[in-house]
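A quick write-up on the structure given underneath.
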Amino acid sequence: MAIFLGVVLLVALMLPILSIVLDSPFGRALARRVDGPETAPPPVADLAKRVDLLESEIEDLTRAVEGLKDENAFLQRLIEDAPVRPALPPRSST
């Protein structure tokens, strides 16, 4: 009789502890893992294609930025090297 009472008491105490653990973030994560993935991850080939496409876009943008830097440097040299001229031509005395 004492063993039966011990088992009943153990089960009665384990139910609240079990419900607390299962309702915790750990329990929810464990339940999601048991359920399995909701959506299948995209195939690696598709991801590799997207990465290649992004890398080529980055290379194109890098080339465009380098071209703009060169053009800017050229224009800066033109502005700095331009001879200083008066805004108006000198008056002619007639």
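In the structure tokens, the first chain shown is A, the next is B, and so on; residue numbers restart at 1 for each chain, and ligands run from 1 in the order shown.
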Stretch 1-93 of chain A: residues DSSP assigns to helix (DSSP H, G or I), reported as a ChimeraX atom specification: /A:2-23,25-35,44-81
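Here atom CA of A:Val51 stands at a distance of 24.4 Å from atom CA of A:Gly67.
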